[in-house]
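This report concerns only the one structure given below.
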Amino acid sequence: MERRNGTKKAAAFAATFEKECKEGIRADTRQTFAAYCDYVINLKENRGTKHSTIVRYKELAERIYPQIGHIKLKDLRVEHLNTLYTYLSSDGLNKQTGGKLSNKTIIEHHRLISAVLEQAVKEGLIPFNLAQRADKPKMQEHEVNYFQPEQVQAIREALKNEPLKWRVLVHLLLITGARRGEILGLKWDKVDFENKQLYICNSILYSSDIGVYESTPKTERSKRYVSVPAETIALLKEYRQEQNKEYMKQGILFKTKNFVFARYDGEPLHPDSVPNYLQKFSKRYGLPHINAHAFRHTMASILYFNGVDSVSISKRLGHAQVSTTANIYAHVMEEADKKNADILSEIFLKKA
């Protein structure tokens with residue numbers, strides 16, 4: 001009889017507990033990290049977080065869940081996270097190389113865990129964010145990869161023999177410093193021929209679950225006007241005429257989506273088409289390996305070496321903060337300052 005009464009009380013308590021959790025009266029401390037992480041990712045998706053970020057969260061979670069996904073939020077400890085980070089630094093976890101994950105990638109896992117636990121703190125499930133007490137790896141410093149002036153000249157010379165579309169695309173990568181997706185997302189109505197400006201406000205991305213799709217740039221600050229020289233405007237006008245003639249032949253002139261760079265049917269180019277082209281292009285002319293992002297670094301480096309300030313460069317690159325620009329190009333700024341010292345020496349200290 002006592003056992004039956006105890007069972008009834010336990011069931012009643014469980015029902016009351018679950019009801020209070022749903023109503024926000026009592027925190028549900030029984031949730032596992034995996035279940036709560038799924039909830040947070042879904043919450044972020046419903047709040048408008050970019051699709052590419054959500055996809056990345058799910059990729060990171062695939063490595064996190066086998067290690068700590070089963071642990072209840074209330075039982076999660078700093079040592080669990082430290083053990084996870086040690087595991088993530090072991091060989092064989094990098095699917096592309098078969099080697100180790102970079103510290104940057106491991107820190108991405110840490111940031112996701114921290115975001116999940118921060119949400120748990122907000123919802124009263126845990127008293128504090130223990131990820132802030134974990135020993136995450138240090139970010140490795142890498143010097144930016146940019147082309148020397150003679151390399152830029154060699155690329156430009158080789159481009160003279162290439163189709164106009166690709167000449168214009170590579171030209172814009174170098175002149176604007178825009179990201180690959182931003183260049184592919186550019187539409188003709190965002191090209192201001194009169195004022196010699198491009199409005200960067202769109203991006204083309206790829207995800208395995210939905211394919212090629214349009215999105216906004218990386219951050220709100222990434223939406224920006226970028227001034228371009230008269231030579232760029234002339235090249236764009238020439239290319240637009242050629243593109244329109246091709247569309248007229250196919251009878252799709254007024255049926256396209258107005259992308260500056262598009263497939264034969266007017267649809268946007270796949271983001272991978274750019275690195276694929278650059279790889280073949282560099283091999284054809286015996287040039288060193290070329291990646292699209294190196295043009296972005298090259299533009300920023302050239303501006304630094306010519307005395308342009310970080311605020312202006314940051315704005316042109318579309319960085320959310322000037323500190324981001326300064327951190328990325330710290331080595332370049334140091335090299336530029338050495339040249340400034342030589343200039344000052346030449347002006348003030350040269351012998352009469």
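Each chain in the structure tokens gets a letter, A, B and so on, in the order shown; residues start at 1 in every chain, and ligands are counted from 1 in the order they appear.
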
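When the distance limit is 10 Å and only C-alpha atoms are what count, the residues near Arg296 of chain A, minus those fewer than 4 positions from it on the same chain, are Val144, Asn145, Tyr146, Phe147, Leu172, Leu173, Leu174, Ile175, Thr176, Gly177, Ala178, Arg179, Arg180, Asn291, Ala292, Ala300, Ser301 and Leu317 of chain A.
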
Which neighbours of segment 89-94 of chain A fall inside 12 Å, counting only C-alpha atoms, when residues of the same chain fewer than 5 positions from it are skipped, and could you give them as a compact mmCIF listing (two decimals) with N, CA and C atoms, in the first residue's frame?
```
# COMPACT_ATOMS: atom_id res chain seq x y z
N LEU A 60 29.56 21.40 -36.05
CA LEU A 60 30.33 21.39 -34.81
C LEU A 60 29.70 20.45 -33.78
N GLU A 62 28.17 17.77 -34.23
CA GLU A 62 28.44 16.36 -34.54
C GLU A 62 29.69 15.85 -33.83
N ARG A 63 30.64 16.73 -33.58
CA ARG A 63 31.85 16.34 -32.85
C ARG A 63 31.65 16.47 -31.34
N ILE A 64 30.80 17.40 -30.94
CA ILE A 64 30.60 17.67 -29.51
C ILE A 64 29.75 16.61 -28.84
N ASN A 82 37.42 20.75 -20.88
CA ASN A 82 38.86 20.65 -21.12
C ASN A 82 39.23 19.32 -21.77
N THR A 83 38.56 18.25 -21.32
CA THR A 83 38.80 16.93 -21.92
C THR A 83 38.33 16.92 -23.37
N LEU A 84 37.21 17.58 -23.64
CA LEU A 84 36.71 17.67 -25.01
C LEU A 84 37.71 18.40 -25.90
N GLY A 99 44.26 14.94 -40.60
CA GLY A 99 45.12 15.30 -39.48
C GLY A 99 44.35 15.94 -38.34
N LYS A 100 44.97 16.93 -37.71
CA LYS A 100 44.37 17.59 -36.56
C LYS A 100 43.51 18.78 -36.99
N LEU A 101 42.57 19.13 -36.12
CA LEU A 101 41.80 20.35 -36.31
C LEU A 101 42.68 21.55 -35.91
N SER A 102 42.49 22.66 -36.56
CA SER A 102 43.23 23.86 -36.19
C SER A 102 42.69 24.41 -34.88
N ASN A 103 43.50 25.22 -34.21
CA ASN A 103 43.03 25.86 -32.98
C ASN A 103 41.82 26.73 -33.25
N LYS A 104 41.77 27.35 -34.42
CA LYS A 104 40.64 28.19 -34.79
C LYS A 104 39.35 27.37 -34.82
N THR A 105 39.42 26.16 -35.37
CA THR A 105 38.23 25.30 -35.44
C THR A 105 37.82 24.83 -34.04
N ILE A 106 38.79 24.49 -33.21
CA ILE A 106 38.47 24.07 -31.84
C ILE A 106 37.82 25.22 -31.08
N ILE A 107 38.30 26.43 -31.32
CA ILE A 107 37.70 27.60 -30.66
C ILE A 107 36.27 27.81 -31.14
N HIS A 109 34.17 25.39 -31.73
CA HIS A 109 33.41 24.48 -30.88
C HIS A 109 33.17 25.12 -29.51
N LYS A 136 40.49 27.00 -23.22
CA LYS A 136 40.39 26.85 -24.67
C LYS A 136 41.77 27.08 -25.30
N PRO A 137 41.99 26.55 -26.50
CA PRO A 137 43.28 26.76 -27.17
C PRO A 137 43.47 28.23 -27.53
```

Review point. Hey, which of A:Ile155, A:Val55, A:Leu236, A:Ala336 ends up closest to Ile41 of chain A? Count only C-alpha atoms.
Key: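 Checking each candidate against Ile41 of chain A, we get A:Val55 as the closest.
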
Point to revise | Shell of 12 Å around Lys223 of chain A, only C-alpha atoms, local chain residues under 6 positions omitted, as a ChimeraX atom specification | key: /A:178-179,182,185-186,190,198-203,215-217,315-320

Could those selected residues go to a file with all heavy atoms, as a short mmCIF file (atom, residue, chain, number, x, y, z; two decimals), in the first residue's frame?
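See result-v9.cif below for the written result:
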```cif
data_model
loop_
_atom_site.label_atom_id
_atom_site.label_comp_id
_atom_site.auth_asym_id
_atom_site.auth_seq_id
_atom_site.Cartn_x
_atom_site.Cartn_y
_atom_site.Cartn_z
N ALA A 178 36.38 42.83 -52.02
CA ALA A 178 35.16 42.18 -51.53
C ALA A 178 35.36 40.68 -51.43
O ALA A 178 36.24 40.10 -52.08
CB ALA A 178 34.00 42.48 -52.46
N ARG A 179 34.54 40.05 -50.62
CA ARG A 179 34.57 38.60 -50.47
C ARG A 179 34.03 37.94 -51.74
O ARG A 179 33.25 38.54 -52.48
CB ARG A 179 33.74 38.18 -49.26
CG ARG A 179 34.19 38.80 -47.94
CD ARG A 179 33.24 38.47 -46.81
NE ARG A 179 33.65 39.07 -45.54
CZ ARG A 179 33.26 40.26 -45.10
NH1 ARG A 179 32.44 41.01 -45.84
NH2 ARG A 179 33.67 40.71 -43.93
N GLU A 182 30.32 38.00 -52.09
CA GLU A 182 29.79 39.35 -52.31
C GLU A 182 29.90 39.74 -53.78
O GLU A 182 29.00 40.38 -54.33
CB GLU A 182 30.54 40.35 -51.43
CG GLU A 182 30.28 40.16 -49.95
CD GLU A 182 31.16 41.02 -49.06
OE1 GLU A 182 32.22 41.49 -49.55
OE2 GLU A 182 30.81 41.22 -47.89
N GLY A 185 27.33 37.90 -55.68
CA GLY A 185 25.99 38.38 -55.36
C GLY A 185 25.67 39.75 -55.94
O GLY A 185 24.55 40.24 -55.82
N LEU A 186 26.68 40.38 -56.55
CA LEU A 186 26.48 41.73 -57.11
C LEU A 186 25.49 41.70 -58.28
O LEU A 186 25.56 40.84 -59.16
CB LEU A 186 27.83 42.28 -57.59
CG LEU A 186 27.83 43.71 -58.14
CD1 LEU A 186 27.46 44.72 -57.05
CD2 LEU A 186 29.20 44.04 -58.75
N LYS A 190 22.89 47.48 -58.67
CA LYS A 190 23.71 47.97 -57.56
C LYS A 190 25.04 48.54 -58.06
O LYS A 190 25.91 48.88 -57.26
CB LYS A 190 23.99 46.83 -56.57
CG LYS A 190 22.74 46.16 -56.02
CD LYS A 190 21.77 47.14 -55.39
CE LYS A 190 20.51 46.44 -54.89
NZ LYS A 190 19.49 47.42 -54.43
N LEU A 198 29.93 50.72 -56.27
CA LEU A 198 29.21 49.45 -56.20
C LEU A 198 28.59 49.36 -54.81
O LEU A 198 29.24 49.72 -53.82
CB LEU A 198 30.16 48.25 -56.39
CG LEU A 198 31.08 48.26 -57.61
CD1 LEU A 198 31.92 46.99 -57.63
CD2 LEU A 198 30.29 48.39 -58.90
N TYR A 199 27.34 48.91 -54.74
CA TYR A 199 26.71 48.71 -53.43
C TYR A 199 26.74 47.23 -53.11
O TYR A 199 26.08 46.41 -53.75
CB TYR A 199 25.27 49.23 -53.44
CG TYR A 199 24.58 49.09 -52.10
CD1 TYR A 199 25.25 49.43 -50.92
CD2 TYR A 199 23.27 48.63 -52.00
CE1 TYR A 199 24.63 49.31 -49.68
CE2 TYR A 199 22.64 48.51 -50.78
CZ TYR A 199 23.32 48.85 -49.62
OH TYR A 199 22.71 48.73 -48.39
N ILE A 200 27.55 46.88 -52.13
CA ILE A 200 27.69 45.49 -51.69
C ILE A 200 26.61 45.21 -50.66
O ILE A 200 26.69 45.70 -49.53
CB ILE A 200 29.09 45.23 -51.09
CG1 ILE A 200 30.20 45.65 -52.06
CG2 ILE A 200 29.23 43.76 -50.69
CD1 ILE A 200 30.25 44.87 -53.33
N CYS A 201 25.60 44.44 -51.02
CA CYS A 201 24.50 44.19 -50.09
C CYS A 201 23.93 42.78 -50.25
O CYS A 201 22.91 42.45 -49.65
CB CYS A 201 23.38 45.21 -50.29
SG CYS A 201 22.66 45.17 -51.95
N ASN A 202 24.58 41.96 -51.05
CA ASN A 202 24.06 40.64 -51.35
C ASN A 202 25.23 39.66 -51.42
O ASN A 202 26.37 40.04 -51.68
CB ASN A 202 23.31 40.66 -52.69
CG ASN A 202 22.40 39.47 -52.88
OD1 ASN A 202 21.74 39.04 -51.93
ND2 ASN A 202 22.38 38.91 -54.07
N SER A 203 24.95 38.39 -51.18
CA SER A 203 26.01 37.38 -51.22
C SER A 203 25.45 36.06 -51.74
O SER A 203 24.28 35.74 -51.48
CB SER A 203 26.59 37.18 -49.82
OG SER A 203 27.73 36.35 -49.85
N SER A 215 21.98 35.40 -49.93
CA SER A 215 21.91 35.82 -48.53
C SER A 215 22.45 37.24 -48.44
O SER A 215 22.92 37.80 -49.43
CB SER A 215 22.72 34.86 -47.64
OG SER A 215 22.62 35.24 -46.28
N THR A 216 22.38 37.81 -47.25
CA THR A 216 22.99 39.11 -47.01
C THR A 216 24.46 38.90 -46.67
O THR A 216 24.87 37.79 -46.33
CB THR A 216 22.28 39.83 -45.86
OG1 THR A 216 22.24 38.96 -44.72
CG2 THR A 216 20.87 40.21 -46.24
N PRO A 217 25.29 39.95 -46.75
CA PRO A 217 26.70 39.80 -46.40
C PRO A 217 26.91 39.37 -44.95
O PRO A 217 25.97 39.27 -44.17
CB PRO A 217 27.27 41.20 -46.66
CG PRO A 217 26.35 41.80 -47.67
CD PRO A 217 24.99 41.27 -47.30
N LYS A 315 36.36 49.99 -43.41
CA LYS A 315 35.07 50.31 -44.04
C LYS A 315 34.98 49.70 -45.43
O LYS A 315 33.95 49.14 -45.82
CB LYS A 315 34.90 51.83 -44.12
CG LYS A 315 33.56 52.26 -44.68
CD LYS A 315 33.44 53.79 -44.69
CE LYS A 315 32.10 54.21 -45.29
NZ LYS A 315 31.96 55.69 -45.33
N ARG A 316 36.07 49.76 -46.18
CA ARG A 316 36.08 49.22 -47.54
C ARG A 316 35.95 47.69 -47.52
O ARG A 316 35.29 47.10 -48.37
CB ARG A 316 37.36 49.62 -48.26
CG ARG A 316 37.34 49.31 -49.76
CD ARG A 316 38.54 49.91 -50.47
NE ARG A 316 38.52 49.65 -51.90
CZ ARG A 316 37.92 50.41 -52.82
NH1 ARG A 316 37.28 51.49 -52.43
NH2 ARG A 316 37.94 50.09 -54.10
N LEU A 317 36.57 47.05 -46.52
CA LEU A 317 36.50 45.60 -46.40
C LEU A 317 35.17 45.12 -45.83
O LEU A 317 34.83 43.93 -45.96
CB LEU A 317 37.64 45.10 -45.51
CG LEU A 317 39.06 45.22 -46.07
CD1 LEU A 317 40.09 44.88 -44.99
CD2 LEU A 317 39.25 44.32 -47.28
N GLY A 318 34.45 46.00 -45.16
CA GLY A 318 33.17 45.62 -44.57
C GLY A 318 33.32 44.88 -43.26
O GLY A 318 32.48 44.06 -42.90
N HIS A 319 34.40 45.17 -42.52
CA HIS A 319 34.59 44.54 -41.22
C HIS A 319 33.65 45.19 -40.20
O HIS A 319 33.38 46.39 -40.26
CB HIS A 319 36.03 44.70 -40.74
CG HIS A 319 36.98 43.76 -41.40
ND1 HIS A 319 38.33 43.99 -41.50
CD2 HIS A 319 36.77 42.56 -42.00
CE1 HIS A 319 38.92 42.99 -42.12
NE2 HIS A 319 37.99 42.10 -42.44
N ALA A 320 33.17 44.38 -39.26
CA ALA A 320 32.26 44.88 -38.24
C ALA A 320 32.94 45.86 -37.30
O ALA A 320 32.32 46.80 -36.80
CB ALA A 320 31.67 43.71 -37.44
#
```

Point to revise | Distance criterion (only C-alpha atoms): nearest to Lys95 of chain A out of A:Ser114, A:Glu59, A:Arg30, A:Leu130 | key: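 Residue with the minimum atom-to-atom distance to Lys95 of chain A: A:Glu59.
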
Check your understanding: Quick one: distance from atom CA of Ser207 of chain A to atom CA of His51 of chain A in Å, one decimal?
Key ->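 Between atom CA of Ser207 of chain A and atom CA of His51 of chain A the gap works out to 8.4 Å.
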
**Study point:** Who sits within 12 Å of His171 of chain A, only C-alpha atoms, same chain under 6 positions skipped, as a ChimeraX atom specification
**Key:** /A:152-153,155-157,159-160,162,164-165,177-178,183,228-229,231-236,292,295-296,299

Please produce a file of those selected residues containing N, CA and C atoms, as a PDB file, in the first residue's frame.
```
ATOM      1  N   VAL A 152      50.987  40.586 -58.982  1.00  0.00           N
ATOM      2  CA  VAL A 152      49.742  41.194 -59.460  1.00  0.00           C
ATOM      3  C   VAL A 152      49.869  41.535 -60.937  1.00  0.00           C
ATOM      4  N   GLN A 153      51.030  42.075 -61.312  1.00  0.00           N
ATOM      5  CA  GLN A 153      51.250  42.439 -62.708  1.00  0.00           C
ATOM      6  C   GLN A 153      51.216  41.210 -63.604  1.00  0.00           C
ATOM      7  N   ILE A 155      49.603  38.407 -63.045  1.00  0.00           N
ATOM      8  CA  ILE A 155      48.206  37.948 -63.111  1.00  0.00           C
ATOM      9  C   ILE A 155      47.426  38.797 -64.098  1.00  0.00           C
ATOM     10  N   ARG A 156      47.609  40.109 -64.036  1.00  0.00           N
ATOM     11  CA  ARG A 156      46.884  41.020 -64.933  1.00  0.00           C
ATOM     12  C   ARG A 156      47.270  40.799 -66.391  1.00  0.00           C
ATOM     13  N   GLU A 157      48.544  40.523 -66.627  1.00  0.00           N
ATOM     14  CA  GLU A 157      48.997  40.254 -67.994  1.00  0.00           C
ATOM     15  C   GLU A 157      48.358  38.975 -68.532  1.00  0.00           C
ATOM     16  N   LEU A 159      45.584  37.645 -67.600  1.00  0.00           N
ATOM     17  CA  LEU A 159      44.129  37.815 -67.729  1.00  0.00           C
ATOM     18  C   LEU A 159      43.724  38.407 -69.078  1.00  0.00           C
ATOM     19  N   LYS A 160      44.645  39.081 -69.743  1.00  0.00           N
ATOM     20  CA  LYS A 160      44.329  39.688 -71.036  1.00  0.00           C
ATOM     21  C   LYS A 160      43.909  38.652 -72.063  1.00  0.00           C
ATOM     22  N   GLU A 162      42.130  35.940 -71.268  1.00  0.00           N
ATOM     23  CA  GLU A 162      41.007  35.195 -70.710  1.00  0.00           C
ATOM     24  C   GLU A 162      39.654  35.786 -71.135  1.00  0.00           C
ATOM     25  N   LEU A 164      36.163  37.673 -71.104  1.00  0.00           N
ATOM     26  CA  LEU A 164      35.881  38.959 -70.466  1.00  0.00           C
ATOM     27  C   LEU A 164      35.234  38.795 -69.094  1.00  0.00           C
ATOM     28  N   LYS A 165      34.321  37.832 -68.965  1.00  0.00           N
ATOM     29  CA  LYS A 165      33.637  37.629 -67.675  1.00  0.00           C
ATOM     30  C   LYS A 165      34.633  37.398 -66.551  1.00  0.00           C
ATOM     31  N   GLY A 177      38.306  44.432 -53.028  1.00  0.00           N
ATOM     32  CA  GLY A 177      38.633  43.707 -51.798  1.00  0.00           C
ATOM     33  C   GLY A 177      37.440  42.979 -51.225  1.00  0.00           C
ATOM     34  N   ALA A 178      36.382  42.834 -52.017  1.00  0.00           N
ATOM     35  CA  ALA A 178      35.164  42.183 -51.532  1.00  0.00           C
ATOM     36  C   ALA A 178      35.363  40.675 -51.428  1.00  0.00           C
ATOM     37  N   ILE A 183      31.006  39.369 -54.413  1.00  0.00           N
ATOM     38  CA  ILE A 183      31.181  39.647 -55.843  1.00  0.00           C
ATOM     39  C   ILE A 183      30.163  38.858 -56.663  1.00  0.00           C
ATOM     40  N   VAL A 228      35.042  52.751 -57.075  1.00  0.00           N
ATOM     41  CA  VAL A 228      35.941  52.072 -58.013  1.00  0.00           C
ATOM     42  C   VAL A 228      36.428  53.090 -59.041  1.00  0.00           C
ATOM     43  N   PRO A 229      37.599  52.845 -59.636  1.00  0.00           N
ATOM     44  CA  PRO A 229      38.136  53.789 -60.620  1.00  0.00           C
ATOM     45  C   PRO A 229      37.389  53.755 -61.946  1.00  0.00           C
ATOM     46  N   GLU A 231      38.478  53.065 -64.835  1.00  0.00           N
ATOM     47  CA  GLU A 231      38.829  51.885 -65.629  1.00  0.00           C
ATOM     48  C   GLU A 231      37.910  50.711 -65.314  1.00  0.00           C
ATOM     49  N   THR A 232      37.532  50.583 -64.052  1.00  0.00           N
ATOM     50  CA  THR A 232      36.622  49.502 -63.640  1.00  0.00           C
ATOM     51  C   THR A 232      35.243  49.706 -64.241  1.00  0.00           C
ATOM     52  N   ILE A 233      34.763  50.946 -64.217  1.00  0.00           N
ATOM     53  CA  ILE A 233      33.452  51.259 -64.787  1.00  0.00           C
ATOM     54  C   ILE A 233      33.436  50.969 -66.289  1.00  0.00           C
ATOM     55  N   ALA A 234      34.512  51.329 -66.976  1.00  0.00           N
ATOM     56  CA  ALA A 234      34.597  51.078 -68.425  1.00  0.00           C
ATOM     57  C   ALA A 234      34.572  49.579 -68.706  1.00  0.00           C
ATOM     58  N   LEU A 235      35.274  48.814 -67.882  1.00  0.00           N
ATOM     59  CA  LEU A 235      35.319  47.362 -68.058  1.00  0.00           C
ATOM     60  C   LEU A 235      33.943  46.744 -67.811  1.00  0.00           C
ATOM     61  N   LEU A 236      33.237  47.245 -66.806  1.00  0.00           N
ATOM     62  CA  LEU A 236      31.891  46.743 -66.505  1.00  0.00           C
ATOM     63  C   LEU A 236      30.910  47.057 -67.634  1.00  0.00           C
ATOM     64  N   ALA A 292      40.892  33.329 -54.047  1.00  0.00           N
ATOM     65  CA  ALA A 292      40.136  34.579 -54.138  1.00  0.00           C
ATOM     66  C   ALA A 292      40.403  35.515 -52.958  1.00  0.00           C
ATOM     67  N   PHE A 295      43.259  38.164 -52.953  1.00  0.00           N
ATOM     68  CA  PHE A 295      43.053  39.470 -53.585  1.00  0.00           C
ATOM     69  C   PHE A 295      42.553  40.481 -52.554  1.00  0.00           C
ATOM     70  N   ARG A 296      41.711  40.015 -51.641  1.00  0.00           N
ATOM     71  CA  ARG A 296      41.196  40.878 -50.567  1.00  0.00           C
ATOM     72  C   ARG A 296      42.354  41.359 -49.683  1.00  0.00           C
ATOM     73  N   MET A 299      44.597  43.900 -51.673  1.00  0.00           N
ATOM     74  CA  MET A 299      44.071  45.268 -51.711  1.00  0.00           C
ATOM     75  C   MET A 299      44.328  45.992 -50.395  1.00  0.00           C
TER      76      MET A 299
END
```

**Study point:** Close residues, Trp188 of chain A itself excluded, 10 Å, only C-alpha atoms, min 4 positions apart in chain, as a count of residues only
**Key:** 11

Point to revise | Interatomic distance, atom CA of Val274 of chain A to atom CA of Glu220 of chain A (Å, one decimal) | key: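 Atom CA of Glu220 of chain A lies 24.5 Å from atom CA of Val274 of chain A.
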
Review point. Can you list every residue in segment 118-348 of chain A that DSSP puts in helix (DSSP H, G or I), as a count of residues only?
Key: 125

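Among the candidates A:Glu141, A:Asp265, A:Glu108, A:Asp337, the one nearest to Lys58 of chain A when counting only C-alpha atoms is A:Glu108.
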
Point to revise | Shell around Lys74 of chain A at 10 Å using only C-alpha atoms, local window under 2 positions removed, as an MDAnalysis selection string | key: chainID A and resid 28:33 71:72 76:77 125:127

With all heavy atoms retained, export the selected residues as a short mmCIF file (atom, residue, chain, number, x, y, z; two decimals), in the first residue's frame.
```
data_model
loop_
_atom_site.label_atom_id
_atom_site.label_comp_id
_atom_site.auth_asym_id
_atom_site.auth_seq_id
_atom_site.Cartn_x
_atom_site.Cartn_y
_atom_site.Cartn_z
N ASP A 28 14.26 23.16 -15.71
CA ASP A 28 14.39 21.73 -15.95
C ASP A 28 15.86 21.37 -16.01
O ASP A 28 16.52 21.52 -17.04
CB ASP A 28 13.70 21.36 -17.27
CG ASP A 28 13.75 19.86 -17.55
OD1 ASP A 28 14.25 19.13 -16.68
OD2 ASP A 28 13.29 19.45 -18.63
N THR A 29 16.40 20.90 -14.90
CA THR A 29 17.83 20.58 -14.83
C THR A 29 18.13 19.18 -15.32
O THR A 29 19.27 18.74 -15.28
CB THR A 29 18.32 20.71 -13.37
OG1 THR A 29 17.53 19.84 -12.54
CG2 THR A 29 18.19 22.13 -12.87
N ARG A 30 17.10 18.49 -15.82
CA ARG A 30 17.33 17.12 -16.31
C ARG A 30 17.81 17.08 -17.74
O ARG A 30 18.24 16.04 -18.23
CB ARG A 30 16.02 16.31 -16.21
CG ARG A 30 15.45 16.20 -14.80
CD ARG A 30 14.07 15.59 -14.84
NE ARG A 30 13.15 16.40 -15.64
CZ ARG A 30 11.90 16.05 -15.92
NH1 ARG A 30 11.43 14.89 -15.51
NH2 ARG A 30 11.12 16.85 -16.64
N GLN A 31 17.74 18.20 -18.45
CA GLN A 31 18.08 18.22 -19.87
C GLN A 31 19.56 17.90 -20.10
O GLN A 31 20.42 18.38 -19.37
CB GLN A 31 17.78 19.60 -20.47
CG GLN A 31 16.31 19.91 -20.58
CD GLN A 31 16.09 21.16 -21.41
OE1 GLN A 31 16.19 21.11 -22.63
NE2 GLN A 31 15.78 22.26 -20.75
N THR A 32 19.81 17.13 -21.14
CA THR A 32 21.20 16.86 -21.51
C THR A 32 21.72 18.02 -22.34
O THR A 32 20.94 18.80 -22.90
CB THR A 32 21.30 15.57 -22.33
OG1 THR A 32 20.57 15.74 -23.56
CG2 THR A 32 20.76 14.38 -21.55
N PHE A 33 23.04 18.09 -22.46
CA PHE A 33 23.63 19.17 -23.25
C PHE A 33 23.17 19.07 -24.70
O PHE A 33 22.86 20.08 -25.32
CB PHE A 33 25.16 19.12 -23.18
CG PHE A 33 25.80 20.20 -24.00
CD1 PHE A 33 25.96 21.47 -23.48
CD2 PHE A 33 26.21 19.96 -25.30
CE1 PHE A 33 26.52 22.49 -24.26
CE2 PHE A 33 26.76 20.96 -26.08
CZ PHE A 33 26.92 22.23 -25.55
N ILE A 71 25.65 14.32 -21.14
CA ILE A 71 25.76 14.85 -19.78
C ILE A 71 24.65 15.87 -19.52
O ILE A 71 24.38 16.73 -20.36
CB ILE A 71 27.14 15.51 -19.56
CG1 ILE A 71 28.26 14.48 -19.81
CG2 ILE A 71 27.26 16.09 -18.16
CD1 ILE A 71 29.66 15.08 -19.75
N LYS A 72 24.02 15.78 -18.37
CA LYS A 72 22.99 16.75 -18.01
C LYS A 72 23.62 18.12 -17.78
O LYS A 72 24.76 18.22 -17.31
CB LYS A 72 22.25 16.30 -16.76
CG LYS A 72 21.42 15.04 -16.96
CD LYS A 72 20.75 14.61 -15.67
CE LYS A 72 19.95 13.32 -15.87
NZ LYS A 72 19.32 12.86 -14.61
N LEU A 76 27.35 19.16 -15.90
CA LEU A 76 28.48 19.52 -16.75
C LEU A 76 29.52 20.28 -15.95
O LEU A 76 29.19 21.19 -15.18
CB LEU A 76 27.99 20.37 -17.93
CG LEU A 76 28.94 20.53 -19.11
CD1 LEU A 76 29.24 19.18 -19.76
CD2 LEU A 76 28.34 21.48 -20.15
N ARG A 77 30.78 19.90 -16.11
CA ARG A 77 31.88 20.51 -15.36
C ARG A 77 32.95 21.03 -16.32
O ARG A 77 33.04 20.62 -17.48
CB ARG A 77 32.51 19.48 -14.40
CG ARG A 77 31.56 18.95 -13.35
CD ARG A 77 31.20 20.03 -12.33
NE ARG A 77 30.30 19.52 -11.30
CZ ARG A 77 28.98 19.62 -11.34
NH1 ARG A 77 28.40 20.22 -12.38
NH2 ARG A 77 28.23 19.15 -10.37
N LEU A 125 18.69 27.79 -15.94
CA LEU A 125 18.95 26.35 -15.85
C LEU A 125 20.26 26.06 -15.12
O LEU A 125 20.40 25.01 -14.49
CB LEU A 125 19.01 25.73 -17.26
CG LEU A 125 17.72 25.85 -18.09
CD1 LEU A 125 17.92 25.24 -19.47
CD2 LEU A 125 16.56 25.15 -17.38
N ILE A 126 21.22 26.98 -15.23
CA ILE A 126 22.50 26.83 -14.55
C ILE A 126 22.89 28.19 -13.98
O ILE A 126 22.47 29.23 -14.50
CB ILE A 126 23.62 26.31 -15.49
CG1 ILE A 126 23.71 27.19 -16.76
CG2 ILE A 126 23.37 24.85 -15.87
CD1 ILE A 126 24.84 26.80 -17.71
N PRO A 127 23.70 28.22 -12.92
CA PRO A 127 24.01 29.50 -12.27
C PRO A 127 25.02 30.37 -13.02
O PRO A 127 25.00 31.59 -12.89
CB PRO A 127 24.58 29.06 -10.91
CG PRO A 127 25.13 27.69 -11.16
CD PRO A 127 24.21 27.06 -12.16
#
```
